[in-house]
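A.B. asks: What follows is the file query_18.csv, containing CSV, C-alpha atoms:
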```
chain,number,residue,atom,x,y,z
N,1,MET,CA,51.7,67.3,-12.7
N,2,ALA,CA,53.3,67.4,-16.1
N,3,GLY,CA,56.9,66.9,-16.8
N,4,LEU,CA,56.6,70.1,-18.8
N,5,LEU,CA,55.3,72.9,-16.6
N,6,CYS,CA,51.7,73.9,-17.2
N,7,LYS,CA,51.9,77.1,-19.1
N,8,LYS,CA,49.7,80.1,-18.3
N,9,ARG,CA,51.9,82.6,-20.1
N,10,LYS,CA,54.5,82.5,-22.9
N,11,LYS,CA,56.7,79.5,-23.4
N,12,THR,CA,60.0,81.3,-23.2
N,13,GLY,CA,61.9,80.8,-20.0
N,14,VAL,CA,60.5,77.4,-19.1
N,15,THR,CA,64.0,76.1,-18.6
N,16,ASP,CA,64.6,78.9,-16.1
N,17,LEU,CA,61.5,78.0,-14.2
N,18,GLN,CA,62.4,74.3,-14.1
N,19,GLU,CA,65.8,75.2,-12.7
N,20,GLU,CA,64.2,77.4,-10.0
N,21,GLY,CA,61.9,74.4,-9.2
N,22,LYS,CA,64.9,72.1,-8.9
N,23,ASN,CA,66.6,74.5,-6.6
N,24,ALA,CA,63.5,74.8,-4.5
N,25,ILE,CA,62.8,71.1,-4.1
N,26,ASN,CA,65.3,70.7,-1.4
N,27,ALA,CA,63.3,73.0,0.9
N,28,PRO,CA,59.6,72.3,0.5
N,29,MET,CA,57.3,75.3,1.2
N,30,SER,CA,60.4,77.4,2.0
N,31,PRO,CA,61.4,80.4,-0.1
N,32,ALA,CA,63.2,79.0,-3.2
N,33,MET,CA,65.5,81.9,-3.5
N,34,THR,CA,65.7,84.6,-0.8
N,35,ASP,CA,66.6,87.3,-3.3
N,36,LEU,CA,64.1,86.4,-5.9
N,37,HIS,CA,62.1,89.3,-7.3
N,38,PRO,CA,58.7,89.0,-9.1
N,39,GLU,CA,60.1,90.3,-12.3
N,40,ASP,CA,62.7,87.6,-12.4
N,41,THR,CA,60.3,84.7,-12.8
N,42,LEU,CA,57.5,83.6,-15.1
N,43,LEU,CA,55.1,83.3,-12.2
N,44,GLU,CA,52.8,86.0,-11.2
N,45,GLU,CA,52.0,86.6,-7.5
N,46,ASN,CA,50.0,83.7,-6.1
N,47,GLU,CA,50.2,81.9,-9.4
N,48,GLU,CA,50.7,78.1,-9.1
N,49,ARG,CA,52.3,75.5,-11.5
N,50,THR,CA,53.0,71.9,-11.2
N,51,MET,CA,55.6,69.4,-12.4
N,52,ILE,CA,56.4,65.7,-11.8
N,53,ASP,CA,59.3,65.0,-9.5
N,54,PRO,CA,62.1,63.7,-11.8
N,55,ASN,CA,62.5,60.6,-9.6
N,56,SER,CA,58.9,59.6,-10.1
N,57,LYS,CA,59.4,59.7,-13.9
N,58,GLU,CA,62.0,56.9,-13.5
N,59,ASP,CA,59.6,54.7,-11.6
N,60,ALA,CA,59.1,51.3,-13.4
N,61,LYS,CA,55.4,51.2,-12.8
N,62,PHE,CA,54.9,54.7,-14.0
N,63,LYS,CA,56.8,54.0,-17.2
N,64,GLU,CA,54.8,50.8,-17.7
N,65,LEU,CA,51.5,52.7,-17.3
N,66,ILE,CA,52.5,55.1,-20.0
N,67,LYS,CA,53.5,52.3,-22.3
N,68,VAL,CA,50.3,50.3,-21.8
N,69,LEU,CA,48.2,53.4,-22.5
N,70,ILE,CA,50.2,54.4,-25.6
N,71,ASP,CA,50.0,50.9,-27.0
N,72,TRP,CA,46.2,50.8,-26.3
N,73,ILE,CA,45.6,54.1,-28.1
N,74,ASN,CA,47.7,53.0,-31.0
N,75,ASP,CA,45.7,49.7,-31.2
N,76,VAL,CA,42.4,51.5,-31.1
N,77,LEU,CA,43.5,54.0,-33.8
N,78,VAL,CA,45.4,51.7,-36.0
N,79,GLU,CA,42.9,52.2,-38.9
N,80,GLU,CA,43.3,56.0,-38.6
N,81,ARG,CA,47.0,55.7,-39.2
N,82,ILE,CA,47.6,57.7,-36.0
N,83,ILE,CA,50.7,56.8,-34.0
N,84,VAL,CA,51.1,58.2,-30.5
N,85,LYS,CA,54.7,58.3,-29.3
N,86,GLN,CA,54.6,60.8,-26.4
N,87,LEU,CA,51.4,61.5,-24.5
N,88,GLU,CA,52.2,65.2,-23.6
N,89,GLU,CA,53.1,66.1,-27.2
N,90,ASP,CA,50.5,64.0,-29.0
N,91,VAL,CA,47.3,64.4,-26.9
N,92,TYR,CA,47.2,68.0,-25.8
N,93,ASP,CA,45.6,69.5,-28.9
N,94,GLY,CA,42.5,67.3,-28.8
N,95,GLN,CA,43.0,65.6,-32.2
N,96,VAL,CA,44.0,62.2,-30.8
N,97,LEU,CA,41.4,62.4,-28.0
N,98,GLN,CA,38.7,63.2,-30.6
N,99,LYS,CA,39.6,60.1,-32.7
N,100,LEU,CA,39.9,57.9,-29.6
N,101,LEU,CA,36.5,58.9,-28.2
N,102,GLU,CA,34.8,58.6,-31.6
N,103,LYS,CA,36.2,55.1,-32.0
N,104,LEU,CA,35.4,53.9,-28.5
N,105,ALA,CA,31.9,55.5,-28.3
N,106,GLY,CA,31.0,54.7,-31.8
N,107,ARG,CA,29.8,58.2,-32.7
N,108,LYS,CA,31.1,61.3,-34.5
N,109,LEU,CA,31.8,64.6,-32.7
N,110,ASN,CA,30.9,67.9,-34.3
N,111,VAL,CA,34.4,69.4,-34.2
N,112,ALA,CA,36.9,70.8,-36.8
N,113,GLU,CA,39.2,68.0,-38.0
N,114,VAL,CA,42.4,70.1,-37.9
N,115,THR,CA,43.0,73.1,-35.7
N,116,GLN,CA,46.3,74.9,-35.6
N,117,SER,CA,45.5,77.9,-33.4
N,118,GLU,CA,45.5,77.7,-29.6
N,119,ILE,CA,41.9,79.0,-29.5
N,120,GLY,CA,40.8,76.4,-32.0
N,121,GLN,CA,42.6,73.6,-30.2
N,122,LYS,CA,41.0,74.6,-26.9
N,123,GLN,CA,37.5,74.8,-28.5
N,124,LYS,CA,38.0,71.3,-29.8
N,125,LEU,CA,39.2,70.1,-26.4
N,126,GLN,CA,36.2,71.6,-24.7
N,127,THR,CA,33.8,69.7,-27.0
N,128,VAL,CA,35.7,66.4,-26.6
N,129,LEU,CA,36.0,66.7,-22.8
N,130,GLU,CA,32.3,67.6,-22.5
N,131,ALA,CA,31.5,64.4,-24.4
N,132,VAL,CA,33.8,62.5,-22.1
N,133,HIS,CA,32.2,64.0,-19.0
N,134,ASP,CA,28.7,63.2,-20.3
N,135,LEU,CA,29.8,59.5,-20.4
N,136,LEU,CA,31.7,59.4,-17.1
N,137,ARG,CA,29.8,61.5,-14.7
N,138,PRO,CA,26.7,59.3,-14.5
N,139,HIS,CA,28.9,56.5,-13.3
N,140,GLY,CA,30.4,58.5,-10.5
N,141,TRP,CA,33.8,59.3,-12.0
N,142,THR,CA,35.8,62.1,-10.4
N,143,ILE,CA,37.0,64.5,-13.1
N,144,LYS,CA,40.7,65.3,-12.5
N,145,TRP,CA,41.4,67.2,-15.7
N,146,ASN,CA,40.2,70.2,-17.6
N,147,VAL,CA,40.8,72.0,-20.9
N,148,ASP,CA,43.7,74.1,-19.5
N,149,SER,CA,45.5,71.1,-17.9
N,150,ILE,CA,45.3,68.9,-21.0
N,151,HIS,CA,46.3,71.7,-23.4
N,152,GLY,CA,49.1,72.7,-21.0
N,153,LYS,CA,50.5,69.2,-21.5
N,154,ASN,CA,49.9,68.2,-17.8
N,155,LEU,CA,50.9,64.6,-17.9
N,156,VAL,CA,49.2,63.6,-14.7
N,157,SER,CA,45.9,65.1,-15.9
N,158,ILE,CA,46.3,63.3,-19.3
N,159,LEU,CA,47.0,60.0,-17.5
N,160,HIS,CA,43.9,60.4,-15.2
N,161,LEU,CA,41.8,61.0,-18.3
N,162,LEU,CA,43.2,58.0,-20.2
N,163,VAL,CA,42.9,55.6,-17.3
N,164,ALA,CA,39.3,56.7,-16.8
N,165,LEU,CA,38.5,56.1,-20.5
N,166,ALA,CA,40.3,52.7,-20.5
N,167,MET,CA,38.3,51.5,-17.5
N,168,HIS,CA,35.0,53.0,-18.7
N,169,PHE,CA,35.3,51.3,-22.1
N,170,ARG,CA,36.7,48.1,-20.5
N,171,ALA,CA,39.8,48.1,-22.6
N,172,PRO,CA,41.4,44.7,-23.1
N,173,ILE,CA,44.5,45.8,-21.2
N,174,ARG,CA,45.9,45.4,-17.7
N,175,LEU,CA,47.1,48.5,-15.9
N,176,PRO,CA,49.9,48.2,-13.4
N,177,GLU,CA,48.6,48.5,-9.8
N,178,HIS,CA,49.4,51.2,-7.2
N,179,VAL,CA,50.9,53.7,-9.6
N,180,SER,CA,51.5,57.1,-8.0
N,181,VAL,CA,53.8,60.0,-8.6
N,182,GLN,CA,55.3,62.8,-6.6
N,183,VAL,CA,54.1,66.1,-7.9
N,184,VAL,CA,56.0,69.3,-7.1
N,185,VAL,CA,53.7,72.3,-6.7
N,186,VAL,CA,55.5,75.6,-7.4
N,187,ARG,CA,53.9,78.8,-6.1
N,188,LYS,CA,54.9,82.4,-5.9
N,189,ARG,CA,54.1,84.3,-2.7
N,190,GLU,CA,55.3,87.7,-1.7
N,191,GLY,CA,57.8,87.6,-4.6
N,192,LEU,CA,59.4,84.3,-3.5
N,193,LEU,CA,59.2,80.9,-5.3
N,194,GLN,CA,58.0,78.1,-2.9
N,195,THR,CA,57.4,74.4,-3.4
N,196,ALA,CA,55.4,71.6,-1.9
N,197,HIS,CA,55.3,67.9,-2.7
N,198,VAL,CA,52.0,66.1,-3.3
N,199,THR,CA,51.4,62.4,-4.0
N,200,GLU,CA,49.1,61.8,-6.9
N,201,GLU,CA,47.5,58.3,-7.2
N,202,LEU,CA,47.0,57.2,-10.8
N,203,THR,CA,45.9,53.6,-10.4
N,204,THR,CA,44.7,51.5,-7.4
N,205,THR,CA,44.4,47.8,-7.0
N,206,THR,CA,42.9,45.5,-9.7
N,207,GLU,CA,40.1,44.7,-7.2
N,208,MET,CA,39.1,48.3,-7.3
N,209,MET,CA,39.3,48.6,-11.1
N,210,MET,CA,36.2,48.1,-13.1
N,211,GLY,CA,35.1,45.4,-15.5
N,212,ARG,CA,38.0,43.6,-17.1
N,213,PHE,CA,40.3,44.9,-14.3
N,214,GLU,CA,38.8,42.7,-11.7
N,215,ARG,CA,41.2,40.2,-10.3
N,216,ASP,CA,40.7,36.7,-11.5
N,217,ALA,CA,41.8,33.2,-10.5
N,218,PHE,CA,45.1,33.6,-12.3
N,219,ASP,CA,46.1,36.7,-10.4
N,220,THR,CA,45.5,34.7,-7.2
N,221,LEU,CA,47.3,31.7,-8.6
N,222,PHE,CA,50.4,33.6,-9.5
N,223,ASP,CA,50.4,35.7,-6.3
N,224,HIS,CA,49.5,33.1,-3.7
N,225,ALA,CA,49.7,29.6,-5.1
N,226,PRO,CA,52.5,29.3,-7.6
N,227,ASP,CA,53.0,25.7,-6.6
N,228,LYS,CA,49.6,24.9,-8.1
N,229,LEU,CA,50.5,26.5,-11.4
N,230,SER,CA,52.1,23.4,-12.8
N,231,VAL,CA,48.9,21.4,-12.1
N,232,VAL,CA,46.8,24.0,-14.1
N,233,LYS,CA,49.3,24.0,-16.9
N,234,LYS,CA,49.2,20.2,-17.1
N,235,SER,CA,45.4,20.2,-17.3
N,236,LEU,CA,45.4,22.8,-20.1
N,237,ILE,CA,48.1,20.9,-22.0
N,238,THR,CA,46.0,17.7,-21.8
N,239,PHE,CA,43.0,19.6,-23.0
N,240,VAL,CA,44.7,21.3,-26.0
N,241,ASN,CA,46.6,18.1,-27.0
N,242,LYS,CA,43.3,16.1,-27.0
N,243,HIS,CA,42.3,18.2,-30.0
N,244,LEU,CA,45.6,19.2,-31.6
N,245,ASN,CA,46.7,15.6,-31.8
N,246,LYS,CA,44.0,15.1,-34.5
N,247,LEU,CA,46.3,17.2,-36.7
N,248,ASN,CA,49.4,15.3,-35.4
N,249,LEU,CA,50.4,18.4,-33.4
N,250,GLU,CA,51.7,18.3,-29.8
N,251,VAL,CA,52.1,21.0,-27.2
N,252,THR,CA,54.6,20.8,-24.4
N,253,GLU,CA,55.2,24.5,-23.6
N,254,LEU,CA,52.1,26.7,-23.3
N,255,GLU,CA,54.0,30.0,-23.1
N,256,THR,CA,55.9,29.6,-26.3
N,257,GLN,CA,53.9,27.3,-28.6
N,258,PHE,CA,50.8,29.5,-28.7
N,259,ALA,CA,52.7,32.8,-29.1
N,260,ASP,CA,52.5,32.9,-32.9
N,261,GLY,CA,48.7,32.3,-32.9
N,262,VAL,CA,48.8,29.4,-35.3
N,263,TYR,CA,47.8,26.7,-32.7
N,264,LEU,CA,45.1,29.0,-31.4
N,265,VAL,CA,43.5,29.4,-34.8
N,266,LEU,CA,43.7,25.7,-35.5
N,267,LEU,CA,42.4,24.8,-32.1
N,268,MET,CA,39.3,27.0,-32.6
N,269,GLY,CA,38.6,25.2,-35.9
N,270,LEU,CA,38.9,21.9,-34.2
N,271,LEU,CA,36.7,22.9,-31.2
N,272,GLU,CA,34.0,24.4,-33.4
N,273,ASP,CA,34.4,21.7,-36.1
N,274,TYR,CA,35.2,23.8,-39.1
N,275,PHE,CA,38.1,24.3,-41.5
N,276,VAL,CA,39.9,27.7,-41.2
N,277,PRO,CA,40.9,28.9,-44.7
N,278,LEU,CA,44.6,29.3,-44.8
N,279,HIS,CA,44.4,32.7,-46.5
N,280,ASN,CA,42.9,34.1,-43.3
N,281,PHE,CA,46.0,33.7,-41.2
N,282,TYR,CA,49.8,33.2,-41.5
N,283,LEU,CA,50.6,29.5,-41.2
N,284,THR,CA,54.3,30.3,-40.8
N,285,PRO,CA,54.4,33.9,-39.3
N,286,GLU,CA,57.7,35.6,-39.3
N,287,SER,CA,57.2,39.1,-38.0
N,288,PHE,CA,55.7,40.3,-34.8
N,289,ASP,CA,52.8,41.9,-36.7
N,290,GLN,CA,51.9,38.6,-38.4
N,291,LYS,CA,51.8,36.9,-35.1
N,292,VAL,CA,49.6,39.6,-33.6
N,293,HIS,CA,47.3,39.2,-36.6
N,294,ASN,CA,47.0,35.5,-36.0
N,295,VAL,CA,46.2,35.9,-32.3
N,296,SER,CA,43.8,38.7,-33.0
N,297,PHE,CA,42.1,36.5,-35.6
N,298,ALA,CA,41.9,33.6,-33.1
N,299,PHE,CA,40.2,36.0,-30.7
N,300,GLU,CA,37.6,36.9,-33.3
N,301,LEU,CA,36.9,33.2,-33.8
N,302,MET,CA,36.4,32.9,-30.1
N,303,GLN,CA,33.9,35.7,-30.0
N,304,ASP,CA,32.1,34.2,-33.1
N,305,GLY,CA,31.9,31.0,-30.9
N,306,GLY,CA,30.1,32.9,-28.2
N,307,LEU,CA,33.0,33.7,-25.9
N,308,LYS,CA,33.6,37.2,-24.5
N,309,LYS,CA,36.5,39.1,-25.9
N,310,PRO,CA,39.6,37.8,-24.1
N,311,LYS,CA,41.0,40.0,-21.3
N,312,ALA,CA,44.5,39.5,-22.6
N,313,ARG,CA,45.9,41.6,-25.4
N,314,PRO,CA,47.2,39.7,-28.5
N,315,GLU,CA,50.5,41.5,-28.0
N,316,ASP,CA,50.8,40.0,-24.5
N,317,VAL,CA,50.3,36.4,-25.9
N,318,VAL,CA,52.9,37.1,-28.6
N,319,ASN,CA,55.3,38.5,-26.0
N,320,LEU,CA,55.2,35.1,-24.2
N,321,ASP,CA,53.2,36.4,-21.2
N,322,LEU,CA,52.2,33.2,-19.5
N,323,LYS,CA,49.3,34.6,-17.5
N,324,SER,CA,47.7,36.0,-20.6
N,325,THR,CA,48.1,32.8,-22.5
N,326,LEU,CA,46.6,30.8,-19.6
N,327,ARG,CA,43.6,33.1,-19.4
N,328,VAL,CA,42.9,32.5,-23.1
N,329,LEU,CA,43.2,28.8,-22.9
N,330,TYR,CA,41.3,28.5,-19.6
N,331,ASN,CA,38.3,30.3,-21.3
N,332,LEU,CA,38.4,27.7,-24.0
N,333,PHE,CA,38.7,24.9,-21.5
N,334,THR,CA,35.7,26.2,-19.6
N,335,LYS,CA,33.5,26.2,-22.7
N,336,TYR,CA,34.8,23.2,-24.6
N,337,LYS,CA,36.0,20.8,-22.0
N,338,ASN,CA,33.3,18.2,-22.9
N,339,VAL,CA,33.9,18.5,-26.6
N,340,GLU,CA,35.3,15.2,-28.0
```
For this file, write the structure as structure tokens.

C.D. replies:
Amino acid sequence: MAGLLCKKRKKTGVTDLQEEGKNAINAPMSPAMTDLHPEDTLLEENEERTMIDPNSKEDAKFKELIKVLIDWINDVLVEERIIVKQLEEDVYDGQVLQKLLEKLAGRKLNVAEVTQSEIGQKQKLQTVLEAVHDLLRPHGWTIKWNVDSIHGKNLVSILHLLVALAMHFRAPIRLPEHVSVQVVVVRKREGLLQTAHVTEELTTTTEMMMGRFERDAFDTLFDHAPDKLSVVKKSLITFVNKHLNKLNLEVTELETQFADGVYLVLLMGLLEDYFVPLHNFYLTPESFDQKVHNVSFAFELMQDGGLKKPKARPEDVVNLDLKSTLRVLYNLFTKYKNVE
């Protein structure tokens, strides 16, 4: 399941194996090359390796899933100054997984901070994954990864692990639904390279996701009743203007005017009846990071006011995602609709 083949032996010759796999894809479970001899391949007899079908890698939902997970990891580890760019290359040695789990679970793991050797990396992975399994197994999770698959840069295993962690810890992200990939299983039997295709499901529907992944009224609204969307927007505009008008501010476009976070911060001050010191946020934000700071700060004020952490990500609001903005405003409306 990884784009890079899972390695059980030396790395040299991976390109040759990938080429053999491509040649074999057109004839699933048939001999890949009729004149192939055992000594000509990296596979030992009955050895099996997997790789993602190249077409699956180009699927829009698959790419979105990877991006959402990478952004989430980077958000969680922002204070660690760790930046993940590519899951296979940045997760396999256990360092990122260690920091991620420590941050999410709120406890330190007894592992070496930096390990260069393969043995050391696998030992760290073993400790980290055992801690993950201790958290997940009591809740009925199916474990679809192990030390060898993660260290072998098996992308599907890595994705299964990260999706499970995101759902278990109720990450404030929304995973794309129905993400699956075609996996090419390459085996060597009687000296011949053979292939089979297997569909691997990475995410299901939001109804089947846990916690924050449950569908809400806005999913239904967007999917089945878009004609009622304008009514909801008008109600929310009336609500926010009732308070923002006190500062001579007027909202006409929900998706754009809350994107920099300024109105959200000011609105929270009005609803909770306090003045928000100007040094706590950017009154005229210019960069994306400054806008994210403002929205994140508004979310903190909401939690201080007794609201749950918003399901939306600050980045989604800044990126003009209407559904995310509506969710945030509707939560405010529900709590503060009777505030004068």

A.B. asks: List the spatial neighbours of Glu88 (chain N) as a list in words - criterion: any atom at most 10 Å away, all atoms listed in the file, same-chain residues fewer than 3 positions off excluded.

C.D. replies: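 My list of contacting residues is Ala2, Gly3, Leu4, Val84, Lys85, Val91, Tyr92, Asp93, Ile150, His151, Gly152, Lys153, Asn154, Leu155, Val156, Ser157, Ile158 and Leu159 of chain N.
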
A.B. asks: Take CA of Ile73 (chain N) and CA of Gly106 (chain N) and report the distance between them in Å, one decimal.

C.D. replies: 15.1 Å

A.B. asks: Taking all atoms listed in the file into account, which of N:Asp71, N:Glu79, N:Glu340, N:Glu113 comes nearest Lys242 (chain N)?

C.D. replies: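 Under the stated criterion, the closest residue is N:Glu340.
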
A.B. asks: Tell me which protein, DNA and RNA residues are within 10 Å of Lys234 (chain N), counting only C-alpha atoms, leaving out same-chain ones fewer than 3 positions away, and put them as a list in words.

C.D. replies: Leu229, Ser230, Val231, Ile237, Thr238, Phe239, Thr252, Glu253 and Leu254 of chain N

A.B. asks: Provide the CA of His197 (chain N) to CA of Ile52 (chain N) distance in Å, to one decimal place.

C.D. replies: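 Interatomic distance here is 9.4 Å.
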
A.B. asks: Rounded to one decimal, what separation in Å do you get between CA of Gly269 (chain N) and CA of Leu332 (chain N)?

C.D. replies: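 Distance reported for this atom pair: 12.2 Å.
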
A.B. asks: Would you kindly return, as a short mmCIF file (atom, residue, chain, number, x, y, z; two decimals) with C-alpha atoms, in the frame of the given file, each protein, DNA or RNA residue with an atom no farther than 9 Å from any atom of Pro285 (chain N), considering all atoms listed in the file and excluding same-chain residues fewer than 6 positions away?

C.D. replies:
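Here's the written file result37.cif:
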```
data_model
loop_
_atom_site.label_atom_id
_atom_site.label_comp_id
_atom_site.auth_asym_id
_atom_site.auth_seq_id
_atom_site.Cartn_x
_atom_site.Cartn_y
_atom_site.Cartn_z
CA ASP N 260 52.50 32.90 -32.90
CA GLY N 261 48.70 32.30 -32.90
CA VAL N 262 48.80 29.40 -35.30
CA LYS N 291 51.80 36.90 -35.10
CA ASN N 294 47.00 35.50 -36.00
#
```

A.B. asks: Identify which of the residues N:Glu255, N:Glu250, N:Glu64, N:Asp134 lies closest to Leu267 (chain N), counting only C-alpha atoms when measuring atom-to-atom distances.

C.D. replies: N:Glu250

A.B. asks: Could you tell me which of N:Gln95, N:Glu177, N:Leu283, N:Pro172 comes closest to Gly120 (chain N) if we count only C-alpha atoms?

C.D. replies: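 With only C-alpha atoms as the atom set, the closest residue is N:Gln95.
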
A.B. asks: Measuring atom to atom with all atoms listed in the file, identify which of N:Leu192, N:Val295, N:Val240, N:Leu162 is nearest to Leu87 (chain N).

C.D. replies: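 That would be N:Leu162, the residue with the smallest distance to Leu87 (chain N).
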
A.B. asks: Neighbouring residues of region 305-313 of chain N were defined as those with any atom within 12 Å, considering all atoms listed in the file; residues of the same chain fewer than 4 positions away were excluded. Please report them as number ranges by chain.

C.D. replies: N: 68, 71-72, 75-76, 170-175, 211-216, 218, 259, 268-274, 292-293, 295-301, 317-336

A.B. asks: Using C-alpha atoms, can you export the residues from the last selection as a compact mmCIF listing (two decimals), in the frame of the given file?

C.D. replies:
```
# COMPACT_ATOMS: atom_id res chain seq x y z
CA VAL N 68 50.30 50.30 -21.80
CA ASP N 71 50.00 50.90 -27.00
CA TRP N 72 46.20 50.80 -26.30
CA ASP N 75 45.70 49.70 -31.20
CA VAL N 76 42.40 51.50 -31.10
CA ARG N 170 36.70 48.10 -20.50
CA ALA N 171 39.80 48.10 -22.60
CA PRO N 172 41.40 44.70 -23.10
CA ILE N 173 44.50 45.80 -21.20
CA ARG N 174 45.90 45.40 -17.70
CA LEU N 175 47.10 48.50 -15.90
CA GLY N 211 35.10 45.40 -15.50
CA ARG N 212 38.00 43.60 -17.10
CA PHE N 213 40.30 44.90 -14.30
CA GLU N 214 38.80 42.70 -11.70
CA ARG N 215 41.20 40.20 -10.30
CA ASP N 216 40.70 36.70 -11.50
CA PHE N 218 45.10 33.60 -12.30
CA ALA N 259 52.70 32.80 -29.10
CA MET N 268 39.30 27.00 -32.60
CA GLY N 269 38.60 25.20 -35.90
CA LEU N 270 38.90 21.90 -34.20
CA LEU N 271 36.70 22.90 -31.20
CA GLU N 272 34.00 24.40 -33.40
CA ASP N 273 34.40 21.70 -36.10
CA TYR N 274 35.20 23.80 -39.10
CA VAL N 292 49.60 39.60 -33.60
CA HIS N 293 47.30 39.20 -36.60
CA VAL N 295 46.20 35.90 -32.30
CA SER N 296 43.80 38.70 -33.00
CA PHE N 297 42.10 36.50 -35.60
CA ALA N 298 41.90 33.60 -33.10
CA PHE N 299 40.20 36.00 -30.70
CA GLU N 300 37.60 36.90 -33.30
CA LEU N 301 36.90 33.20 -33.80
CA VAL N 317 50.30 36.40 -25.90
CA VAL N 318 52.90 37.10 -28.60
CA ASN N 319 55.30 38.50 -26.00
CA LEU N 320 55.20 35.10 -24.20
CA ASP N 321 53.20 36.40 -21.20
CA LEU N 322 52.20 33.20 -19.50
CA LYS N 323 49.30 34.60 -17.50
CA SER N 324 47.70 36.00 -20.60
CA THR N 325 48.10 32.80 -22.50
CA LEU N 326 46.60 30.80 -19.60
CA ARG N 327 43.60 33.10 -19.40
CA VAL N 328 42.90 32.50 -23.10
CA LEU N 329 43.20 28.80 -22.90
CA TYR N 330 41.30 28.50 -19.60
CA ASN N 331 38.30 30.30 -21.30
CA LEU N 332 38.40 27.70 -24.00
CA PHE N 333 38.70 24.90 -21.50
CA THR N 334 35.70 26.20 -19.60
CA LYS N 335 33.50 26.20 -22.70
CA TYR N 336 34.80 23.20 -24.60
```

A.B. asks: Rank N:Thr199, N:Thr204, N:Pro176, N:Phe258 by their smallest atom-to-atom distance to Leu65 (chain N), using all atoms listed in the file, and report the top residue only.

C.D. replies: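 Checking each of N:Thr199, N:Thr204, N:Pro176, N:Phe258 against Leu65 (chain N), counting all atoms listed in the file, the winner is N:Pro176.
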
A.B. asks: Can you work out which one of N:Asp316, N:Asp53, N:Glu102, N:Asp148 has the shortest atom-to-atom distance to Gln121 (chain N), counting all atoms listed in the file?

C.D. replies: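 So, comparing all the options, the nearest one is N:Asp148.
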